[in-house]
Structures are given as structure tokens and as C-alpha cells.
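Structure file entry_25.txt with compact mmCIF, C-alpha atoms:
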# COMPACT_ATOMS: atom_id res chain seq x y z
CA MET A 1 0.00 0.00 0.00
CA THR A 2 1.51 3.29 -1.09
CA THR A 3 0.89 6.62 0.61
CA ALA A 4 0.58 9.83 -1.35
CA PRO A 5 3.06 12.50 -0.34
CA GLU A 6 1.67 15.12 1.99
CA THR A 7 1.05 18.42 0.28
CA ARG A 8 1.24 21.52 2.34
CA GLY A 9 -0.54 24.67 1.14
CA SER A 10 1.50 27.83 0.73
CA VAL A 11 1.08 30.40 3.50
CA LEU A 12 0.84 34.04 2.55
CA VAL A 13 2.63 36.18 5.08
CA ARG A 14 1.96 39.88 5.05
CA ARG A 15 4.43 42.04 6.83
CA PRO A 16 3.12 45.27 8.41
CA GLY A 17 4.05 48.39 6.55
CA PRO A 18 4.97 51.85 7.82
CA ARG A 19 1.29 52.83 8.11
CA GLU A 20 0.64 49.97 10.51
CA LEU A 21 3.91 50.21 12.44
CA ARG A 22 3.97 54.01 12.79
CA PRO A 23 0.46 55.29 12.00
CA VAL A 24 0.98 58.76 13.49
CA ARG A 25 4.14 59.40 11.49
CA ALA A 26 2.52 58.02 8.32
CA HIS A 27 -0.49 60.27 8.83
CA ARG A 28 1.72 63.32 9.29
CA ARG A 29 3.70 62.54 6.16
CA ARG A 30 0.54 62.06 4.12
CA ARG A 31 -0.93 65.28 5.49
CA ALA A 32 2.29 67.17 4.72
CA LEU A 33 2.20 65.81 1.17
CA GLU A 34 -1.41 66.90 0.71
CA LEU A 35 -0.72 70.40 2.02
CA SER A 36 2.37 70.68 -0.19
CA LEU A 37 0.41 69.74 -3.28
CA ALA A 38 -2.42 72.09 -2.33
CA ALA A 39 0.05 74.97 -2.08
CA ALA A 40 2.26 73.98 -5.02
CA VAL A 41 -0.40 73.96 -7.74
CA PRO A 42 -1.74 77.52 -7.24
CA THR A 43 1.79 78.80 -6.59
CA PHE A 44 2.98 77.34 -9.89
CA LEU A 45 0.04 78.89 -11.76
CA VAL A 46 0.63 82.31 -10.19
CA LEU A 47 4.34 82.17 -11.05
CA LEU A 48 3.50 81.14 -14.60
CA TRP A 49 1.08 84.07 -14.85
CA GLN A 50 3.75 86.44 -13.53
CA LEU A 51 6.28 85.11 -16.03
CA ALA A 52 3.83 85.41 -18.91
CA ALA A 53 3.11 89.04 -18.03
CA ALA A 54 6.80 89.87 -17.60
CA ARG A 55 7.79 88.25 -20.92
CA GLY A 56 4.93 89.82 -22.82
CA TRP A 57 3.22 86.52 -23.61
CA ILE A 58 -0.05 88.10 -22.46
CA ASP A 59 -1.22 91.71 -22.55
CA ASP A 60 -0.63 92.98 -19.01
CA ARG A 61 -3.11 95.79 -19.63
CA VAL A 62 -5.86 93.17 -19.86
CA TYR A 63 -4.34 90.55 -17.54
CA PRO A 64 -2.19 92.43 -15.00
CA ALA A 65 0.64 90.54 -13.35
CA PRO A 66 -0.06 89.06 -9.90
CA SER A 67 2.51 91.44 -8.41
CA THR A 68 0.55 94.38 -9.80
CA ILE A 69 -2.71 93.01 -8.45
CA LEU A 70 -1.17 92.42 -5.04
CA ALA A 71 0.30 95.92 -4.89
CA ASP A 72 -2.96 97.53 -5.92
CA GLY A 73 -4.93 95.47 -3.42
CA TRP A 74 -2.51 96.40 -0.65
CA ASP A 75 -2.80 100.10 -1.51
CA ARG A 76 -6.60 100.00 -1.58
CA ALA A 77 -6.73 98.10 1.71
CA ALA A 78 -4.28 100.50 3.38
CA ALA A 79 -6.29 103.48 2.14
CA GLY A 80 -9.52 101.95 3.44
CA ASP A 81 -11.15 101.77 -0.01
CA LEU A 82 -11.44 97.97 -0.13
CA TRP A 83 -12.96 97.08 3.24
CA PRO A 84 -16.39 98.73 2.75
CA ASP A 85 -17.02 96.57 -0.32
CA VAL A 86 -15.77 93.43 1.46
CA TRP A 87 -18.00 94.11 4.44
CA ALA A 88 -21.05 94.90 2.27
CA THR A 89 -20.76 91.55 0.50
CA THR A 90 -20.00 89.63 3.70
CA LYS A 91 -22.98 90.92 5.67
CA ARG A 92 -25.37 90.19 2.78
CA VAL A 93 -24.06 86.65 2.50
CA LEU A 94 -24.28 86.03 6.25
CA ALA A 95 -27.80 87.44 6.58
CA GLY A 96 -29.17 85.62 3.54
CA TYR A 97 -27.42 82.39 4.48
CA ALA A 98 -28.87 82.44 8.01
CA VAL A 99 -32.43 83.04 6.79
CA GLY A 100 -32.23 80.50 3.96
CA THR A 101 -30.62 77.81 6.11
CA ALA A 102 -33.20 78.15 8.90
CA ALA A 103 -36.16 78.07 6.51
CA GLY A 104 -34.77 75.21 4.43
CA TYR A 105 -33.93 73.09 7.46
CA LEU A 106 -37.32 73.50 9.15
CA LEU A 107 -39.28 72.80 5.99
CA GLY A 108 -36.99 69.90 5.09
CA LEU A 109 -37.60 68.33 8.49
CA LEU A 110 -41.34 68.76 8.11
CA MET A 111 -41.52 67.37 4.58
CA GLY A 112 -39.13 64.55 5.34
CA SER A 113 -41.20 63.45 8.34
CA LEU A 114 -44.75 63.94 7.02
CA SER A 115 -45.60 62.33 3.68
CA LEU A 116 -48.79 64.35 3.20
CA VAL A 117 -46.93 67.64 3.57
CA ARG A 118 -44.31 66.37 1.15
CA ALA A 119 -46.97 65.38 -1.39
CA ALA A 120 -48.59 68.81 -1.14
CA LEU A 121 -45.48 71.00 -1.39
CA GLU A 122 -42.82 69.07 -3.27
CA PRO A 123 -44.17 69.64 -6.83
CA LEU A 124 -44.40 73.38 -6.24
CA LEU A 125 -40.92 73.62 -4.73
CA ASP A 126 -39.45 71.47 -7.49
CA ALA A 127 -40.85 73.90 -10.05
CA LEU A 128 -39.41 76.89 -8.19
CA TYR A 129 -36.06 75.19 -7.75
CA VAL A 130 -35.34 75.06 -11.47
CA VAL A 131 -36.01 78.79 -11.91
CA PRO A 132 -32.67 80.65 -12.19
CA LYS A 133 -32.38 82.60 -8.97
CA LEU A 134 -31.12 85.74 -10.69
CA ALA A 135 -34.43 85.78 -12.56
CA LEU A 136 -36.08 86.42 -9.18
CA LEU A 137 -34.09 89.59 -8.56
CA PRO A 138 -36.66 91.87 -10.29
CA VAL A 139 -39.37 90.27 -8.16
CA PHE A 140 -37.44 90.99 -4.98
CA LEU A 141 -36.73 94.53 -6.16
CA ASN A 142 -40.49 95.07 -6.54
CA MET A 143 -41.11 93.54 -3.11
CA PHE A 144 -38.35 95.21 -1.08
CA GLY A 145 -37.25 98.15 -3.20
CA LEU A 146 -33.65 99.25 -3.51
CA GLY A 147 -31.27 98.49 -0.68
CA GLU A 148 -30.21 95.40 1.23
CA GLY A 149 -33.56 93.58 1.05
CA PRO A 150 -33.35 92.22 -2.52
CA GLN A 151 -29.74 91.10 -2.08
CA VAL A 152 -30.42 89.24 1.17
CA ALA A 153 -33.64 87.72 -0.21
CA LEU A 154 -31.85 86.43 -3.28
CA VAL A 155 -29.15 84.72 -1.21
CA ALA A 156 -31.78 83.31 1.15
CA ALA A 157 -33.81 81.89 -1.74
CA THR A 158 -30.73 80.25 -3.22
CA VAL A 159 -29.55 78.73 0.05
CA PHE A 160 -33.06 77.61 0.97
CA PHE A 161 -33.36 75.10 -1.86
CA PHE A 162 -29.98 73.45 -1.23
CA VAL A 163 -30.66 73.04 2.48
CA TRP A 164 -34.28 71.98 1.95
CA ILE A 165 -33.39 69.22 -0.51
CA SER A 166 -30.49 67.88 1.56
CA THR A 167 -32.53 67.95 4.79
CA MET A 168 -35.62 66.28 3.33
CA SER A 169 -33.54 63.58 1.67
CA ALA A 170 -31.48 62.99 4.82
CA VAL A 171 -34.57 62.62 7.02
CA MET A 172 -36.19 60.22 4.57
CA ALA A 173 -32.97 58.18 4.42
CA VAL A 174 -32.85 57.50 8.18
CA PRO A 175 -32.92 53.67 8.43
CA ASP A 176 -36.18 52.15 9.61
CA GLY A 177 -34.21 50.07 12.09
CA HIS A 178 -33.18 53.24 13.92
CA ARG A 179 -36.77 54.39 14.19
CA ASP A 180 -37.98 50.94 15.29
CA ALA A 181 -35.35 50.87 18.03
CA GLY A 182 -36.55 54.22 19.31
CA ARG A 183 -40.16 53.03 19.39
CA VAL A 184 -39.20 49.84 21.22
CA PHE A 185 -37.62 51.93 23.97
CA GLY A 186 -40.74 54.09 24.16
CA ALA A 187 -39.14 57.29 22.85
CA SER A 188 -41.38 60.34 22.68
CA PRO A 189 -41.57 62.37 19.44
CA TRP A 190 -39.01 64.83 20.82
CA GLN A 191 -36.70 62.02 21.95
CA MET A 192 -37.09 60.35 18.56
CA PHE A 193 -36.00 63.58 16.88
CA ARG A 194 -33.22 64.32 19.36
CA HIS A 195 -31.65 60.87 19.53
CA VAL A 196 -32.56 59.27 16.18
CA THR A 197 -33.51 61.66 13.37
CA LEU A 198 -31.12 64.49 14.20
CA PRO A 199 -27.84 62.54 14.59
CA ALA A 200 -28.65 60.27 11.64
CA SER A 201 -29.51 63.08 9.22
CA LEU A 202 -27.26 65.96 10.32
CA PRO A 203 -24.08 64.93 8.43
CA ALA A 204 -25.93 64.91 5.10
CA VAL A 205 -27.66 68.19 5.97
CA LEU A 206 -24.31 69.85 6.61
CA VAL A 207 -23.01 68.70 3.24
CA GLY A 208 -25.87 70.59 1.60
CA ALA A 209 -25.19 73.58 3.84
CA ARG A 210 -21.53 73.64 2.77
CA ILE A 211 -22.47 73.53 -0.90
CA ALA A 212 -24.95 76.34 -0.29
CA ALA A 213 -22.19 78.45 1.30
CA GLY A 214 -20.20 78.53 -1.93
CA VAL A 215 -23.24 79.14 -4.10
CA ALA A 216 -24.33 82.02 -1.84
CA VAL A 217 -21.10 83.88 -2.60
CA LEU A 218 -21.55 83.31 -6.34
CA VAL A 219 -25.12 84.61 -6.29
CA ILE A 220 -24.42 87.72 -4.24
CA VAL A 221 -21.55 88.75 -6.52
CA ALA A 222 -23.78 88.39 -9.60
CA SER A 223 -26.58 90.29 -7.87
CA GLU A 224 -24.28 93.14 -6.84
CA GLN A 225 -23.21 93.57 -10.44
CA ILE A 226 -26.82 94.20 -11.41
CA ALA A 227 -28.52 96.02 -8.54
CA ALA A 228 -26.09 97.40 -5.97
CA THR A 229 -23.97 100.45 -5.41
CA ASP A 230 -21.34 98.71 -3.28
CA GLY A 231 -19.94 95.28 -2.62
CA LEU A 232 -17.34 93.16 -4.39
CA GLY A 233 -19.63 92.39 -7.31
CA HIS A 234 -20.18 96.09 -7.92
CA LEU A 235 -16.43 96.70 -7.58
CA ILE A 236 -15.66 94.08 -10.23
CA PHE A 237 -18.29 95.29 -12.69
CA ASP A 238 -17.58 99.00 -12.19
CA SER A 239 -13.79 98.65 -12.51
CA ARG A 240 -14.22 96.61 -15.70
CA ALA A 241 -16.40 99.36 -17.18
CA LEU A 242 -13.67 101.89 -16.34
CA PHE A 243 -10.94 99.64 -17.79
CA GLN A 244 -9.30 99.30 -14.36
CA ASN A 245 -8.44 95.66 -14.82
CA ASP A 246 -6.06 95.54 -11.88
CA VAL A 247 -8.88 96.64 -9.56
CA MET A 248 -11.18 94.11 -11.20
CA PHE A 249 -8.78 91.29 -10.38
CA VAL A 250 -8.42 92.56 -6.81
CA GLY A 251 -12.18 92.11 -6.46
CA ILE A 252 -12.04 88.64 -8.00
CA VAL A 253 -9.30 87.55 -5.60
CA CYS A 254 -11.30 88.90 -2.65
CA VAL A 255 -14.34 86.93 -3.79
CA ALA A 256 -12.28 83.74 -4.01
CA VAL A 257 -10.83 84.25 -0.54
CA LEU A 258 -14.26 85.06 0.91
CA GLY A 259 -15.77 81.94 -0.65
CA VAL A 260 -13.03 79.67 0.66
CA LEU A 261 -13.19 81.14 4.17
CA PHE A 262 -16.97 80.88 4.33
CA SER A 263 -17.01 77.32 3.04
CA GLU A 264 -14.28 76.27 5.49
CA LEU A 265 -16.15 77.96 8.33
CA VAL A 266 -19.24 75.88 7.56
CA ARG A 267 -17.07 72.76 7.29
CA PHE A 268 -15.50 73.48 10.68
CA ALA A 269 -18.90 74.05 12.27
CA GLY A 270 -20.05 70.75 10.81
CA ARG A 271 -17.15 68.90 12.40
CA LEU A 272 -18.00 70.42 15.76
CA LEU A 273 -21.68 69.53 15.44
CA THR A 274 -21.12 65.99 14.14
CA PRO A 275 -18.01 64.53 15.78
CA TRP A 276 -19.37 61.03 15.10
CA ALA A 277 -19.47 61.52 11.32
CA PRO A 278 -16.51 60.51 9.11
CA ARG A 279 -14.49 63.35 7.70
CA ASP A 280 -14.37 64.13 4.01
CA ARG A 281 -12.20 61.76 2.03
CA GLY A 282 -8.91 63.32 1.15
CA ARG A 283 -9.19 65.98 3.85
CA GLY A 284 -7.14 65.05 6.87
CA GLN A 285 -7.15 61.35 6.06
CA SER A 286 -4.07 59.21 5.99

Can the structure from this file be put into C-alpha cells for me?
Amino acid sequence: MTTAPETRGSVLVRRPGPRELRPVRAHRRRRALELSLAAAVPTFLVLLWQLAAARGWIDDRVYPAPSTILADGWDRAAAGDLWPDVWATTKRVLAGYAVGTAAGYLLGLLMGSLSLVRAALEPLLDALYVVPKLALLPVFLNMFGLGEGPQVALVAATVFFFVWISTMSAVMAVPDGHRDAGRVFGASPWQMFRHVTLPASLPAVLVGARIAAGVAVLVIVASEQIAATDGLGHLIFDSRALFQNDVMFVGIVCVAVLGVLFSELVRFAGRLLTPWAPRDRGRGQS
């Protein structure tokens, strides 16, 4: 009687890498790499722009060099000519964003929780959502007249739809198992909202709020170009009409900085409000 030779299966051995052995150091290196890339790309583009203006590859009367824009912006800021426009745009964005976020969140909660309310209002709101918001500016001018009212109302209307849609969708997406668990423990309607609906839906709501923050800046700048006597949008449009392209680019840079700061502020507030939610991929992840 012959015996077949014993066959042993191959064993795959995986050795731990640097991320497993030294996770903190690996995270710091990855974060440093991300920050370096984030700074390197715009720096390279600005240097390329500066070189193109210096070598005459572009007409610096139409596209002033970054050094010229920086110098002009510094002079206007030192003279106090820039800050009134920055503040005018900022306060309109903040006021409109607060009103639109509050209205969108409350209505989104209501429509996400009550199917009959959703059936009654969703078709109307869907129709209003697709209307370009700048098309509503004449309506708001008729309602509020000249001044801050139309600008704030336009931002509020824009923000409202983003927050409403994200809130309603987030509330509807709360798993039934979460709600059933709350009912089993005898949770009251307020406890159900406080301990089930709110923590489950808030991360998605804040994503919509962060998107709305960037769109609010875009809308207010466009609105100020049409119906305002101050603000960054008015500064950009007026300087272009006067062929002051360096001032125009100062306004554009200020708008970009304002948009980034406002969006990051909303992101930071979201992290404070939802410490249990995962952070955005690629932002602070190793």
C-alpha cells in the first residue's frame, strides 16, 4: 500500500508596513504631502502668470501681473477703499445664508417626516427650484425696493433650496431600524427627533449647507453687479467698465478668498456639530 506524499498549502505572510507600524508618522507625512500639493499647484500657476506678463506673452493691460494686483490690493486696503465693499458683500451673505438655512432646514424636516406635507409641497418647490435665482431679482426689487432687502432675499432663496433638498432627503434616508429601536424603547416624538432623526440626518444636511455656502457667494456677486452700489460684485463690474483691470482682479481675488473662508467655516462648524461623522475623504485622512 503506497501513501501519497503530503502536500502543504503555501502560506501568505503579510508584513506590516509603515502605516501599521507608525500610524501617526505616516499620517503626518501624508498630510504634509497633501498640504504641499495644495500649495504647489496655485503657486505654480501664479508664477506662470507672472512670467507670462513679464515676458509679454499676455497683454498685461488686460491681464495684470499678480505682483501688480497684489500691490494695488494692498494700496486699496491701506487706504480703506477695499474694506467697505468686502463688508457689504460679507454681511449680505451672512444674513441671507442664516435666513435661507433656517427656513430650508425647518421645511426639510417637516416634509421629510410627514408624507402628506411632502406630497402637497414638493411639486411646487421642485418647479421653483429650477427657476434661475437671478431671474427672481426683479421680483425681490419690486417687493423690497432698492437696498439690502433684494440682495439678502436672493441669497436666502438660493440657500433655501440646497438646504431643503439635503434635509428632506437625509430625514427620509434614516434607516427604519433606527426608528424601530426608538419606538421599542418608548421614545417620545421629541426624543425620537433628538436621539434618532437628528444625529442620523445631520451629516448629510451639513453637506448641503456647505455647498450652499459657496453658491451664496456666487449669487451675491452676480446680484451686486446688477442692482447694488457697493460690494465686491459692484467693484468688479464697475472697474471693468472703467478699464481698471487691476482693480477688477483685486475684487475677484477677494471673492475667491471670501468663498473659501466661508465654506471652510461651515465645514469646521459641521465637524464640531457631528463629531461622530466621518471626515471628508482626502481631507485630513491618511

Edge lengths and centre in Å to one decimal, as JSON, is what I'm after for the box along x, y and z that holds all listed atoms of region 247-253 of chain A once 5 Å is added on each side.
{"center_x": -10.3, "center_y": 92.1, "center_z": -8.4, "size_x": 13.8, "size_y": 19.1, "size_z": 15.6}

>> Just the number, please: distance in Å from CA of Trp83 (chain A) to CA of Ala241 (chain A), one decimal.
In response: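 Between these atoms lies a distance of 20.8 Å.
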
> Could you work out how far CA of Val257 (chain A) lies from CA of Thr90 (chain A), giving the answer in Å with one decimal?
Replying inline: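 We find that CA of Thr90 (chain A) and CA of Val257 (chain A) lie 11.4 Å from each other.
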
> Distance CA of Leu136 (chain A)-CA of Val215 (chain A), one decimal place?
Replying inline: 15.6 Å

>> Which residue is closest to Leu232 (chain A)? Choose from A:Val205, A:Leu47, A:Val93, A:Val139 and count all atoms listed in the file.
In response: A:Val93

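Closest approach to His195 (chain A) among A:Arg210, A:Arg240, A:His178, A:Arg22 is made by A:His178 (distances from only C-alpha atoms).
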
Using all atoms listed in the file, find each residue of region 87-195 of chain A with at least one atom at most 12 Å away from an atom of region 225-231 of chain A; report its shortest atom-to-atom pair and that distance in Å (one decimal), sort the rows by chain and rising residue number, and return the result as a tab-separated table.
residue	atom	partner	partner_atom	distance
A:Trp87	CA	A:Gly231	CA	7.4
A:Ala88	CA	A:Gly231	CA	5.0
A:Thr89	CA	A:Gly231	CA	4.9
A:Thr90	CA	A:Gly231	CA	8.5
A:Lys91	CA	A:Gly231	CA	9.8
A:Arg92	CA	A:Gly231	CA	9.2
A:Val93	CA	A:Gly231	CA	10.8
A:Leu134	CA	A:Ile226	CA	9.5
A:Ala135	CA	A:Ile226	CA	11.4
A:Leu137	CA	A:Ala227	CA	8.5
A:Pro138	CA	A:Ala227	CA	9.3
A:Phe140	CA	A:Ala227	CA	10.8
A:Leu141	CA	A:Ala227	CA	8.7
A:Gly145	CA	A:Ala227	CA	10.5
A:Leu146	CA	A:Ala227	CA	7.9
A:Gly147	CA	A:Ala228	CA	7.5
A:Glu148	CA	A:Ala228	CA	8.5
A:Gly149	CA	A:Ala228	CA	10.9
A:Pro150	CA	A:Ala227	CA	8.6
A:Gln151	CA	A:Ala227	CA	8.2
A:Val152	CA	A:Ala228	CA	11.7
A:Leu154	CA	A:Ala227	CA	11.4

> Closest to Phe262 (chain A) among A:Ala173, A:Val217, A:Leu48, A:Leu70, using only C-alpha atoms?
Replying inline: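 Ranking A:Ala173, A:Val217, A:Leu48, A:Leu70 by distance to Phe262 (chain A), first place goes to A:Val217.
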
>> Around (2.0, 90.0, -16.3), as given in the file, which residues come within 12 Å? Count all atoms listed in the file and list them as number ranges by chain.
In response: A: 46-70, 245-246

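Considering the residues A:Val24, A:Leu82, A:Ala98, A:Ala77 and counting only C-alpha atoms, Ile236 (chain A) has its shortest atom-to-atom contact with A:Leu82.
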